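Peer 1: Below is the file work01.pdb, with PDB, C-alpha atoms and all ligand atoms.
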```pdb
ATOM      1  CA  MET U  29      -8.667 -21.458  16.011
ATOM      2  CA  CYS U  30     -11.129 -19.443  13.915
ATOM      3  CA  GLN U  31      -9.637 -16.059  13.143
ATOM      4  CA  VAL U  32     -11.798 -13.394  11.533
ATOM      5  CA  LEU U  33      -9.933 -10.415  10.124
ATOM      6  CA  GLU U  34     -10.602  -7.845   7.422
ATOM      7  CA  CYS U  35      -9.696  -8.782   3.859
ATOM      8  CA  ILE U  36      -8.997  -5.952   1.423
ATOM      9  CA  ASP U  37     -10.608  -7.915  -1.431
ATOM     10  CA  ALA U  38     -13.832  -8.848   0.402
ATOM     11  CA  GLY U  39     -16.891  -7.777  -1.554
ATOM     12  CA  THR U  40     -14.899  -6.938  -4.699
ATOM     13  CA  GLU U  41     -15.203  -8.637  -8.088
ATOM     14  CA  TYR U  42     -12.240 -10.869  -7.101
ATOM     15  CA  CYS U  43     -14.012 -12.352  -4.047
ATOM     16  CA  PRO U  44     -14.266 -15.281  -3.310
ATOM     17  CA  CYS U  45     -10.654 -16.059  -4.207
ATOM     18  CA  TYR U  46      -8.350 -19.096  -4.025
ATOM     19  CA  LEU U  47      -8.470 -18.931  -0.216
ATOM     20  CA  ALA U  48     -12.200 -19.772  -0.223
ATOM     21  CA  GLU U  49     -11.515 -23.031  -2.067
ATOM     22  CA  THR U  50      -8.807 -24.088   0.338
ATOM     23  CA  GLY U  51     -10.708 -23.300   3.563
ATOM     24  CA  GLU U  52      -8.422 -20.346   4.325
ATOM     25  CA  CYS U  53     -10.776 -17.393   3.736
ATOM     26  CA  ILE U  54      -9.576 -14.451   5.816
ATOM     27  CA  MET U  55     -13.085 -13.250   6.725
ATOM     28  CA  CYS U  56     -15.700 -15.990   6.391
ATOM     29  CA  SER U  57     -15.920 -18.479   9.271
ATOM     30  CA  GLN U  58     -17.894 -20.921   7.134
ATOM     31  CA  LEU U  59     -15.219 -20.862   4.439
ATOM     32  CA  GLN U  60     -12.708 -21.528   7.207
ATOM     33  CA  GLY U  61     -14.487 -24.818   7.875
ATOM     34  CA  ARG U  62     -16.849 -23.736  10.658
ATOM     35  CA  THR U  63     -20.533 -24.587  10.544
ATOM     36  CA  PHE U  64     -21.894 -21.227  11.685
ATOM     37  CA  CYS U  65     -21.668 -17.626  10.503
ATOM     38  CA  ASP U  66     -19.322 -15.509  12.566
ATOM     39  CA  CYS U  67     -19.337 -12.459  10.338
ATOM     40  CA  THR U  68     -18.213  -9.382  12.238
ATOM     41  CA  ASN U  69     -16.726  -7.325   9.419
ATOM     42  CA  TRP U  70     -19.483  -7.546   6.848
ATOM     43  CA  LYS U  71     -18.593  -5.675   3.638
ATOM     44  CA  GLY U  72     -22.077  -5.665   2.132
ATOM     45  CA  VAL U  73     -21.636  -9.037   0.410
ATOM     46  CA  CYS U  74     -21.891 -12.521   1.933
ATOM     47  CA  ILE U  75     -18.737 -14.274   0.743
ATOM     48  CA  TYR U  76     -20.192 -17.712   1.456
ATOM     49  CA  GLN U  77     -23.331 -16.950  -0.553
ATOM     50  CA  GLU U  78     -21.228 -15.618  -3.423
ATOM     51  CA  TYR U  79     -19.198 -18.821  -3.354
ATOM     52  CA  VAL U  80     -22.278 -21.089  -3.301
ATOM     53  CA  ASN U  81     -24.057 -19.042  -5.983
ATOM     54  CA  ASN U  82     -20.960 -19.346  -8.141
ATOM     55  CA  ARG U  83     -21.298 -23.184  -7.965
ATOM     56  CA  LYS U  84     -18.637 -23.349  -5.256
ATOM     57  CA  ARG U  85     -16.029 -21.889  -7.542
ATOM     58  CA  ILE U  86     -13.933 -18.799  -7.140
ATOM     59  CA  LYS U  87     -14.406 -15.669  -9.236
ATOM     60  CA  GLU U  88     -12.101 -14.946 -12.115
ATOM     61  CA  GLN U  89      -8.867 -13.588 -10.691
ATOM     62  CA  ARG U  90      -6.524 -10.855 -11.878
ATOM     63  CA  LYS U  91      -4.439 -11.667 -14.917
ATOM     64  CA  SER U  92      -1.341 -10.074 -16.405
ATOM     65  CA  PHE U  93      -1.866  -8.104 -19.595
ATOM     66  CA  VAL U  94       0.503  -6.423 -22.002
ATOM     67  CA  SER U  95       0.697  -2.680 -21.519
ATOM     68  CA  ARG U  96       2.393  -0.033 -23.627
ATOM     69  CA  LEU U  97       5.172   1.922 -21.961
ATOM     70  CA  ILE U  98       4.558   5.624 -22.475
ATOM     71  CA  GLU U  99       7.523   7.052 -20.628
ATOM     72  CA  LYS U 100      10.559   5.883 -18.694
ATOM     73  CA  GLN U 101      12.290   8.665 -16.844
ATOM     74  CA  PHE U 102      15.395   8.291 -14.673
ATOM     75  CA  LEU U 103      15.203  10.661 -11.706
ATOM     76  CA  SER U 104      18.527   9.540 -10.282
ATOM     77  CA  GLU U 105      20.916   6.665 -10.814
ATOM     78  CA  ASN U 106      18.607   4.201  -9.041
ATOM     79  CA  VAL U 107      15.127   5.737  -9.200
ATOM     80  CA  MET U 108      12.976   5.765 -12.307
ATOM     81  CA  LEU U 109       9.392   6.647 -13.168
ATOM     82  CA  LEU U 110       7.416   4.298 -15.391
ATOM     83  CA  LYS U 111       4.299   5.647 -17.072
ATOM     84  CA  PHE U 112       2.243   3.020 -18.836
ATOM     85  CA  LYS U 113      -1.116   2.628 -20.551
ATOM     86  CA  THR U 114      -3.942   0.617 -18.973
ATOM     87  CA  ASN U 115      -7.604   1.521 -19.381
ATOM     88  CA  SER U 116      -9.890   4.035 -17.674
ATOM     89  CA  THR U 117     -11.467   1.398 -15.404
ATOM     90  CA  LEU U 118      -8.171   0.124 -14.041
ATOM     91  CA  ALA U 119      -6.812   3.668 -13.715
ATOM     92  CA  ARG U 120      -9.908   4.569 -11.651
ATOM     93  CA  GLU U 121      -9.577   1.465  -9.486
ATOM     94  CA  LEU U 122      -5.938   2.341  -8.841
ATOM     95  CA  ASN U 123      -6.695   5.937  -7.965
ATOM     96  CA  GLN U 124      -6.732   5.452  -4.207
ATOM     97  CA  PRO U 125      -4.344   5.159  -1.252
ATOM     98  CA  GLY U 126      -2.685   1.764  -0.990
ATOM     99  CA  ALA U 127      -3.148   0.790  -4.640
ATOM    100  CA  TYR U 128      -0.405  -1.166  -6.363
ATOM    101  CA  VAL U 129       0.192  -3.364  -9.403
ATOM    102  CA  PHE U 130       2.613  -6.112 -10.353
ATOM    103  CA  LEU U 131       4.978  -5.132 -13.155
ATOM    104  CA  ARG U 132       7.237  -7.353 -15.223
ATOM    105  CA  SER U 133       9.310  -7.156 -18.367
ATOM    106  CA  THR U 134       7.712  -9.118 -21.230
ATOM    107  CA  GLU U 135      10.991 -11.032 -21.534
ATOM    108  CA  GLU U 136      10.913 -12.461 -18.010
ATOM    109  CA  PRO U 137       8.999 -15.395 -16.481
ATOM    110  CA  ALA U 138       6.130 -14.954 -14.002
ATOM    111  CA  PHE U 139       8.287 -15.067 -10.892
ATOM    112  CA  PHE U 140       9.783 -11.704 -11.918
ATOM    113  CA  ASP U 141       6.436 -10.038 -11.091
ATOM    114  CA  THR U 142       7.292  -7.017  -8.928
ATOM    115  CA  PRO U 143       4.754  -5.220  -6.702
ATOM    116  CA  MET U 144       4.923  -1.488  -7.308
ATOM    117  CA  SER U 145       2.925   1.263  -5.628
ATOM    118  CA  VAL U 146       0.908   3.533  -7.859
ATOM    119  CA  MET U 147       1.951   7.163  -7.645
ATOM    120  CA  THR U 148      -0.467   8.868 -10.024
ATOM    121  CA  THR U 149      -3.196   7.825 -12.431
ATOM    122  CA  ASP U 150      -5.072   9.579 -15.196
ATOM    123  CA  GLU U 151      -8.543   8.116 -15.664
ATOM    124  CA  ARG U 152      -9.151  10.144 -18.802
ATOM    125  CA  THR U 153      -6.204   8.674 -20.688
ATOM    126  CA  GLY U 154      -6.090   5.404 -18.713
ATOM    127  CA  THR U 155      -2.451   5.896 -17.763
ATOM    128  CA  VAL U 156      -0.673   4.947 -14.535
ATOM    129  CA  THR U 157       2.677   6.136 -13.164
ATOM    130  CA  ALA U 158       4.809   4.193 -10.685
ATOM    131  CA  ALA U 159       8.170   5.065  -9.141
ATOM    132  CA  VAL U 160      10.722   2.248  -9.057
ATOM    133  CA  GLN U 161      13.836   2.074  -6.908
ATOM    134  CA  ILE U 162      16.333  -0.201  -8.630
ATOM    135  CA  ARG U 163      17.864  -2.460  -6.007
ATOM    136  CA  GLY U 164      17.552  -6.178  -6.682
ATOM    137  CA  VAL U 165      17.093  -8.757  -9.420
ATOM    138  CA  LYS U 166      13.472  -7.922 -10.180
ATOM    139  CA  THR U 167      13.818  -4.152 -10.285
ATOM    140  CA  LYS U 168      16.979  -4.431 -12.397
ATOM    141  CA  ALA U 169      14.903  -6.437 -14.870
ATOM    142  CA  LEU U 170      12.322  -3.617 -14.942
ATOM    143  CA  LYS U 171      15.075  -1.256 -16.024
ATOM    144  CA  LYS U 172      15.279  -3.183 -19.317
ATOM    145  CA  ILE U 173      11.660  -2.473 -20.280
ATOM    146  CA  LYS U 174      11.517  -0.703 -23.637
ATOM    147  CA  GLU U 175       8.135  -0.593 -25.340
ATOM    148  CA  GLU U 176       5.890  -3.027 -23.503
ATOM    149  CA  LEU U 177       5.511  -4.477 -20.026
ATOM    150  CA  LEU U 178       3.227  -6.911 -18.244
ATOM    151  CA  VAL U 179       0.834  -5.468 -15.675
ATOM    152  CA  ARG U 180      -1.343  -7.333 -13.147
ATOM    153  CA  GLY U 181      -3.794  -5.547 -10.873
ATOM    154  CA  PRO U 182      -5.509  -3.810  -9.216
ATOM    155  CA  TYR U 183      -4.311  -4.562  -5.673
ATOM    156  CA  TRP U 184      -5.134  -2.318  -2.752
ATOM    157  CA  ASN U 185      -3.410  -3.420   0.441
ATOM    158  CA  GLY U 186      -0.309  -1.262   0.103
ATOM    159  CA  LEU U 187      -1.112   0.581   3.329
ATOM    160  CA  LEU U 188      -1.958  -0.383   6.877
ATOM    161  CA  GLY U 189      -4.581   1.698   8.659
ATOM    162  CA  LEU U 190      -6.525   2.585   5.513
ATOM    163  CA  LYS U 191      -9.722   3.308   7.473
ATOM    164  CA  TYR U 192      -7.997   6.143   9.355
ATOM    165  CA  ILE U 193      -6.915   7.791   6.102
ATOM    166  CA  LYS U 194     -10.353   7.370   4.552
ATOM    167  CA  GLY U 195     -12.128   8.543   7.705
ATOM    168  CA  LEU U 196     -10.210  11.757   8.528
ATOM    169  CA  ARG U 197     -12.102  14.923   7.636
ATOM    170  CA  ASN U 198     -11.419  18.647   8.137
ATOM    171  CA  SER U 199      -8.518  17.915  10.416
ATOM    172  CA  ARG U 200      -4.717  17.837  10.339
ATOM    173  CA  ALA U 201      -2.378  15.140   9.146
ATOM    174  CA  LEU U 202       1.372  14.677   9.083
ATOM    175  CA  LEU U 203       3.020  12.431   6.493
ATOM    176  CA  VAL U 204       6.579  11.317   7.271
ATOM    177  CA  THR U 205       8.177   9.773   4.194
ATOM    178  CA  ARG U 206      11.570   8.607   3.081
ATOM    179  CA  GLY U 207      13.020   7.623  -0.273
ATOM    180  CA  ILE U 208      10.747   5.618  -2.531
ATOM    181  CA  GLY U 209       8.081   5.826   0.227
ATOM    182  CA  GLN U 210       7.157   9.207  -1.268
ATOM    183  CA  ALA U 211       5.343   7.485  -4.152
ATOM    184  CA  PRO U 212       2.575   5.745  -2.140
ATOM    185  CA  ALA U 213       2.338   8.813   0.145
ATOM    186  CA  LEU U 214       1.117  10.925  -2.767
ATOM    187  CA  PRO U 215      -2.320   9.222  -3.103
ATOM    188  CA  VAL U 216      -2.587   9.447   0.700
ATOM    189  CA  ALA U 217      -2.040  13.203   0.562
ATOM    190  CA  ARG U 218      -4.514  13.512  -2.312
ATOM    191  CA  LYS U 219      -7.199  11.661  -0.356
ATOM    192  CA  LEU U 220      -6.616  13.679   2.813
ATOM    193  CA  VAL U 221      -6.614  17.025   1.004
ATOM    194  CA  ALA U 222      -9.839  16.095  -0.826
ATOM    195  CA  ALA U 223     -11.476  15.508   2.571
ATOM    196  CA  GLY U 224     -10.608  19.019   3.732
ATOM    197  CA  ASN U 225      -7.569  18.153   5.825
ATOM    198  CA  GLU U 226      -4.445  20.256   6.221
ATOM    199  CA  VAL U 227      -1.491  18.087   5.286
ATOM    200  CA  GLU U 228       2.164  18.574   6.111
ATOM    201  CA  VAL U 229       4.769  16.310   4.546
ATOM    202  CA  VAL U 230       8.163  15.595   6.097
ATOM    203  CA  LEU U 231      10.437  14.502   3.254
ATOM    204  CA  ASP U 232      13.719  12.660   3.446
ATOM    205  CA  LYS U 233      15.210  11.818   0.074
ATOM    206  CA  GLY U 234      16.697   8.597   1.459
ATOM    207  CA  ARG U 235      18.748   6.198  -0.656
ATOM    208  CA  GLY U 236      17.146   7.346  -3.900
ATOM    209  CA  GLY U 237      18.793  10.728  -3.377
ATOM    210  CA  VAL U 238      15.881  12.662  -4.855
ATOM    211  CA  ASN U 239      12.643  14.216  -3.563
ATOM    212  CA  PHE U 240      10.767  13.289  -6.710
ATOM    213  CA  ALA U 241       7.266  13.790  -5.259
ATOM    214  CA  GLU U 242       7.876  17.196  -3.674
ATOM    215  CA  GLN U 243       6.431  19.203  -6.527
ATOM    216  CA  HIS U 244       3.279  17.023  -6.550
ATOM    217  CA  PHE U 245       2.783  17.505  -2.798
ATOM    218  CA  ARG U 246       3.140  21.265  -3.185
ATOM    219  CA  GLU U 247       0.645  21.331  -6.085
ATOM    220  CA  LEU U 248      -1.865  19.601  -3.800
ATOM    221  CA  GLY U 249      -1.427  22.415  -1.281
ATOM    222  CA  CYS U 250       0.600  20.423   1.269
ATOM    223  CA  GLU U 251       3.278  22.086   3.340
ATOM    224  CA  VAL U 252       6.608  20.362   2.750
ATOM    225  CA  VAL U 253       9.551  20.313   5.178
ATOM    226  CA  HIS U 254      12.875  18.536   4.744
ATOM    227  CA  ARG U 255      14.199  16.450   7.627
ATOM    228  CA  SER U 256      16.219  13.335   8.150
ATOM    229  CA  VAL U 257      13.803  10.626   9.312
ATOM    230  CA  LEU U 258      16.298   7.747   9.726
ATOM    231  CA  GLN U 259      19.818   7.978  11.111
ATOM    232  CA  PRO U 260      22.421   6.414   8.836
ATOM    233  CA  GLY U 261      23.954   3.360  10.479
ATOM    234  CA  THR U 262      21.495   2.682  13.314
ATOM    235  CA  LEU U 263      18.434   3.359  11.115
ATOM    236  CA  ASP U 264      16.640   4.772  14.143
ATOM    237  CA  VAL U 265      14.380   7.810  13.880
ATOM    238  CA  PRO U 266      16.481  10.820  15.029
ATOM    239  CA  GLU U 267      15.458  12.342  18.365
ATOM    240  CA  GLU U 268      14.898  15.748  16.762
ATOM    241  CA  THR U 269      12.438  14.256  14.275
ATOM    242  CA  LEU U 270      10.557  12.462  17.067
ATOM    243  CA  GLU U 271      10.408  15.735  18.992
ATOM    244  CA  TYR U 272       9.097  17.460  15.867
ATOM    245  CA  ILE U 273       6.305  14.881  15.475
ATOM    246  CA  LYS U 274       5.493  15.133  19.182
ATOM    247  CA  LYS U 275       5.171  18.905  18.926
ATOM    248  CA  LYS U 276       2.919  18.601  15.904
ATOM    249  CA  VAL U 277       0.608  16.189  17.725
ATOM    250  CA  LEU U 278       0.517  17.786  21.170
ATOM    251  CA  GLU U 279       0.664  21.467  20.246
ATOM    252  CA  GLU U 280      -0.688  21.740  16.717
ATOM    253  CA  GLY U 281      -3.521  19.229  16.795
ATOM    254  CA  VAL U 282      -2.298  16.690  14.232
ATOM    255  CA  ARG U 283      -4.841  13.828  14.344
ATOM    256  CA  LEU U 284      -3.243  11.400  11.922
ATOM    257  CA  VAL U 285       0.379  10.454  11.350
ATOM    258  CA  TYR U 286       1.317   8.406   8.286
ATOM    259  CA  THR U 287       4.777   6.940   7.798
ATOM    260  CA  GLY U 288       6.049   5.853   4.396
ATOM    261  CA  GLY U 289       9.407   4.136   4.453
ATOM    262  CA  SER U 290      11.034   1.216   6.210
ATOM    263  CA  GLU U 291       9.818  -0.839   9.170
ATOM    264  CA  LYS U 292      12.298   0.982  11.420
ATOM    265  CA  LEU U 293      10.493   4.238  10.640
ATOM    266  CA  HIS U 294       7.082   2.730  11.415
ATOM    267  CA  GLN U 295       8.375   1.208  14.659
ATOM    268  CA  GLY U 296      10.016   4.426  15.849
ATOM    269  CA  VAL U 297       6.971   6.588  15.161
ATOM    270  CA  GLY U 298       4.541   3.900  16.406
ATOM    271  CA  ARG U 299       6.338   3.706  19.742
ATOM    272  CA  LEU U 300       6.348   7.484  20.062
ATOM    273  CA  LEU U 301       2.607   7.727  19.412
ATOM    274  CA  ALA U 302       1.905   4.906  21.874
ATOM    275  CA  SER U 303       4.016   6.594  24.562
ATOM    276  CA  MET U 304       2.155   9.895  24.133
ATOM    277  CA  GLY U 305      -1.283   8.310  24.484
ATOM    278  CA  ALA U 306      -2.802  11.244  22.599
ATOM    279  CA  GLY U 307      -5.223   9.096  20.586
ATOM    280  CA  THR U 308      -3.543  10.004  17.293
ATOM    281  CA  PHE U 309      -4.470   7.816  14.351
ATOM    282  CA  PHE U 310      -1.557   5.969  12.824
ATOM    283  CA  ALA U 311      -1.225   4.614   9.296
ATOM    284  CA  CYS U 312       1.818   3.437   7.363
ATOM    285  CA  SER U 313       2.990   1.851   4.144
ATOM    286  CA  ASN U 314       2.755  -1.936   4.051
ATOM    287  CA  ASP U 315       6.368  -3.085   3.785
ATOM    288  CA  ALA U 316       5.717  -6.815   3.791
ATOM    289  CA  ARG U 317       7.614  -8.900   1.235
ATOM    290  CA  VAL U 318       4.780  -9.331  -1.219
ATOM    291  CA  CYS U 319       5.368 -12.003  -3.823
ATOM    292  CA  CYS U 320       2.052 -13.370  -5.176
ATOM    293  CA  GLY U 321      -0.323 -10.758  -3.693
ATOM    294  CA  GLU U 322      -3.064 -13.408  -3.545
ATOM    295  CA  GLY U 323      -2.566 -14.911  -0.089
ATOM    296  CA  ILE U 324      -1.010 -18.079  -1.526
ATOM    297  CA  CYS U 325       2.782 -18.042  -1.291
ATOM    298  CA  GLY U 326       3.144 -17.004   2.363
ATOM    299  CA  SER U 327       6.063 -14.642   1.797
ATOM    300  CA  CYS U 328       4.160 -11.742   3.375
ATOM    301  CA  HIS U 329       3.275 -13.604   6.598
ATOM    302  CA  THR U 330       3.756 -11.693   9.796
ATOM    303  CA  ARG U 331       3.072 -12.477  13.422
ATOM    304  CA  LEU U 332       0.773 -10.365  15.586
ATOM    305  CA  ALA U 333       1.228  -9.710  19.281
ATOM    306  CA  ASP U 334      -1.082 -12.634  20.149
ATOM    307  CA  GLY U 335       1.164 -14.997  18.181
ATOM    308  CA  SER U 336      -1.239 -15.501  15.274
ATOM    309  CA  ARG U 337       0.116 -15.370  11.743
ATOM    310  CA  ILE U 338      -1.559 -13.315   9.044
ATOM    311  CA  LYS U 339      -1.073 -12.656   5.346
ATOM    312  CA  THR U 340      -0.388  -8.963   5.044
ATOM    313  CA  CYS U 341      -0.897  -8.843   1.278
ATOM    314  CA  LYS U 342      -4.633  -9.315   1.848
ATOM    315  CA  THR U 343      -5.338  -8.555   5.498
ATOM    316  CA  GLN U 344      -6.114  -4.948   6.334
ATOM    317  CA  LEU U 345      -4.776  -4.107   9.806
ATOM    318  CA  GLY U 346      -3.898  -1.023  11.774
ATOM    319  CA  PRO U 347      -0.127  -0.559  12.063
ATOM    320  CA  VAL U 348      -0.565  -0.700  15.830
ATOM    321  CA  ASP U 349      -1.232  -4.430  15.532
ATOM    322  CA  ILE U 350       2.269  -4.846  14.145
ATOM    323  CA  TYR U 351       4.347  -1.836  15.137
ATOM    324  CA  GLY U 352       2.737  -0.504  18.314
ATOM    325  CA  GLY U 353       1.068   2.871  18.742
ATOM    326  CA  ARG U 354      -2.655   3.474  18.900
TER
HETATM  327  S1  LIG F 401       2.313 -12.248  -1.022
HETATM  328 FE1  LIG F 401       1.916 -14.341  -1.288
HETATM  329  S2  LIG F 401       0.709 -14.775   0.448
HETATM  330 FE2  LIG F 401       0.945 -12.654   0.598
END
```
Can the structure in the file be given as structure tokens, please?

Peer 2:
Amino acid sequence: MCQVLECIDAGTEYCPCYLAETGECIMCSQLQGRTFCDCTNWKGVCIYQEYVNNRKRIKEQRKSFVSRLIEKQFLSENVMLLKFKTNSTLARELNQPGAYVFLRSTEEPAFFDTPMSVMTTDERTGTVTAAVQIRGVKTKALKKIKEELLVRGPYWNGLLGLKYIKGLRNSRALLVTRGIGQAPALPVARKLVAAGNEVEVVLDKGRGGVNFAEQHFRELGCEVVHRSVLQPGTLDVPEETLEYIKKKVLEEGVRLVYTGGSEKLHQGVGRLLASMGAGTFFACSNDARVCCGEGICGSCHTRLADGSRIKTCKTQLGPVDIYGGR
């Protein structure tokens, strides 16, 4: 079956990618093996034409480069901030909601590449800061970084429902975040505030045990409240928190709810929004198990309600398609 979805990389300097060569392009029906154009999500560039004009070869893809570590700061026993040097262009490309990079110690092989959301960037100095929660083999290896690290990027599909975040203007938004989910929520808040929205952030320090982004949210002018957003044990969203979100939507005119945390959080809030039927926009962090980030390895595959399988590292969806809600 021909499936035409939206690819986050379509129309960028990295398109067409490996998927065009293998007949697996996410957007182009002709590069999926069809004989006609079925382009419904045109991004201003014809992927097929780009591929043909490039002598039926893919564009040069992202490569790892050695970056200088500027600062490593432990915020708690298992959360650290890494600030590293890139260049102004990459810092600018990463200065948006959903941006992430792959990080790796220079001592480790390529399969230690770890996707990490970008928290802040400084285009002037070309520096990027990411928050890392140390949990498994790869993140423990990042802890060992001393002076240099390997960086690969930019990648942009760290969020689902990006168009709602980019499209909301002069309205109200509620961000519900937990633990390390605070880091990717910060660029979301920045984007929403820049578009004239009032932003409230519900913070739960989660396993990391620290609200490391609180000060940044406050500096942006966001209102910050502290609440538990997942019950220990069941990992369900507490009733009181659901009631709080409901009140914000129905009585205070919140038009967009963003959740940054685990799938259980997205599911709980998605179901609530669907049950209210208030037409609230819903966006969330992309919690797929991203390994290659290029649509090749298949580790990020998920199944939609219609049974089709998609690669969430590249495919831009609304969270509703996966978690329910609007
Ligand atoms: S992370 Fe490898 S296909 Fe998506």

Peer 1: For the interface of chain U with ligand LIG 401 (chain F) (cut-off 7 Å, counting only C-alpha atoms and all ligand atoms), please tabulate each contacting residue of chain U alongside its nearest pair of atoms and their separation in Å to one decimal, rows sorted by chain and increasing number, as a Markdown table.

Peer 2:
```
| residue | atom | partner | partner_atom | distance |
| --- | --- | --- | --- | --- |
| U:Arg317 | CA | F:LIG401 | S1 | 6.7 |
| U:Val318 | CA | F:LIG401 | S1 | 3.8 |
| U:Cys319 | CA | F:LIG401 | S1 | 4.2 |
| U:Cys320 | CA | F:LIG401 | FE1 | 4.0 |
| U:Gly321 | CA | F:LIG401 | S1 | 4.0 |
| U:Glu322 | CA | F:LIG401 | FE1 | 5.5 |
| U:Gly323 | CA | F:LIG401 | S2 | 3.3 |
| U:Ile324 | CA | F:LIG401 | S2 | 4.2 |
| U:Cys325 | CA | F:LIG401 | FE1 | 3.8 |
| U:Gly326 | CA | F:LIG401 | S2 | 3.8 |
| U:Ser327 | CA | F:LIG401 | FE1 | 5.2 |
| U:Cys328 | CA | F:LIG401 | FE2 | 4.3 |
| U:His329 | CA | F:LIG401 | FE2 | 6.5 |
| U:Lys339 | CA | F:LIG401 | FE2 | 5.2 |
| U:Thr340 | CA | F:LIG401 | FE2 | 5.9 |
| U:Cys341 | CA | F:LIG401 | FE2 | 4.3 |
| U:Lys342 | CA | F:LIG401 | FE2 | 6.6 |
```

Peer 1: What would the selection look like, as a PyMOL selection string, if the PyMOL selection byres (((chain U and resi 293) around 9) and not hetatm) were run on the coordinates I just shared?

Peer 2: chain U and resi 204-206+257-258+263-265+287-292+294-298

Peer 1: List the residues selected by the PyMOL selection byres (((chain U and resi 253) around 12) and not hetatm) in the file shown, writing them as a PyMOL selection string.

Peer 2: chain U and resi 202-205+227-233+239+242+245-246+250-252+254-257+269+272

Peer 1: Using the chain letters and numbers from this file, what does the PyMOL selection byres (((chain U and resi 45) around 10) and not hetatm) select? Give the answer as a PDB file with C-alpha atoms, in the frame of the given file.

Peer 2:
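Final file, out_37.pdb:
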```
ATOM      1  CA  ASP U  37     -10.608  -7.915  -1.431  1.00  0.00           C
ATOM      2  CA  ALA U  38     -13.832  -8.848   0.402  1.00  0.00           C
ATOM      3  CA  GLU U  41     -15.203  -8.637  -8.088  1.00  0.00           C
ATOM      4  CA  TYR U  42     -12.240 -10.869  -7.101  1.00  0.00           C
ATOM      5  CA  CYS U  43     -14.012 -12.352  -4.047  1.00  0.00           C
ATOM      6  CA  PRO U  44     -14.266 -15.281  -3.310  1.00  0.00           C
ATOM      7  CA  TYR U  46      -8.350 -19.096  -4.025  1.00  0.00           C
ATOM      8  CA  LEU U  47      -8.470 -18.931  -0.216  1.00  0.00           C
ATOM      9  CA  ALA U  48     -12.200 -19.772  -0.223  1.00  0.00           C
ATOM     10  CA  GLU U  49     -11.515 -23.031  -2.067  1.00  0.00           C
ATOM     11  CA  THR U  50      -8.807 -24.088   0.338  1.00  0.00           C
ATOM     12  CA  GLU U  52      -8.422 -20.346   4.325  1.00  0.00           C
ATOM     13  CA  CYS U  53     -10.776 -17.393   3.736  1.00  0.00           C
ATOM     14  CA  ILE U  75     -18.737 -14.274   0.743  1.00  0.00           C
ATOM     15  CA  TYR U  79     -19.198 -18.821  -3.354  1.00  0.00           C
ATOM     16  CA  ARG U  85     -16.029 -21.889  -7.542  1.00  0.00           C
ATOM     17  CA  ILE U  86     -13.933 -18.799  -7.140  1.00  0.00           C
ATOM     18  CA  LYS U  87     -14.406 -15.669  -9.236  1.00  0.00           C
ATOM     19  CA  GLU U  88     -12.101 -14.946 -12.115  1.00  0.00           C
ATOM     20  CA  GLN U  89      -8.867 -13.588 -10.691  1.00  0.00           C
ATOM     21  CA  GLU U 322      -3.064 -13.408  -3.545  1.00  0.00           C
ATOM     22  CA  GLY U 323      -2.566 -14.911  -0.089  1.00  0.00           C
TER      23      GLY U 323
END
```

Peer 1: Restricting the calculation to only C-alpha atoms, which member of U:Trp70, U:Phe309, U:Phe130, U:Phe140 is positioned closest to Gly39 of chain U?

Peer 2: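 Checking each of U:Trp70, U:Phe309, U:Phe130, U:Phe140 against Gly39 of chain U, counting only C-alpha atoms, the winner is U:Trp70.
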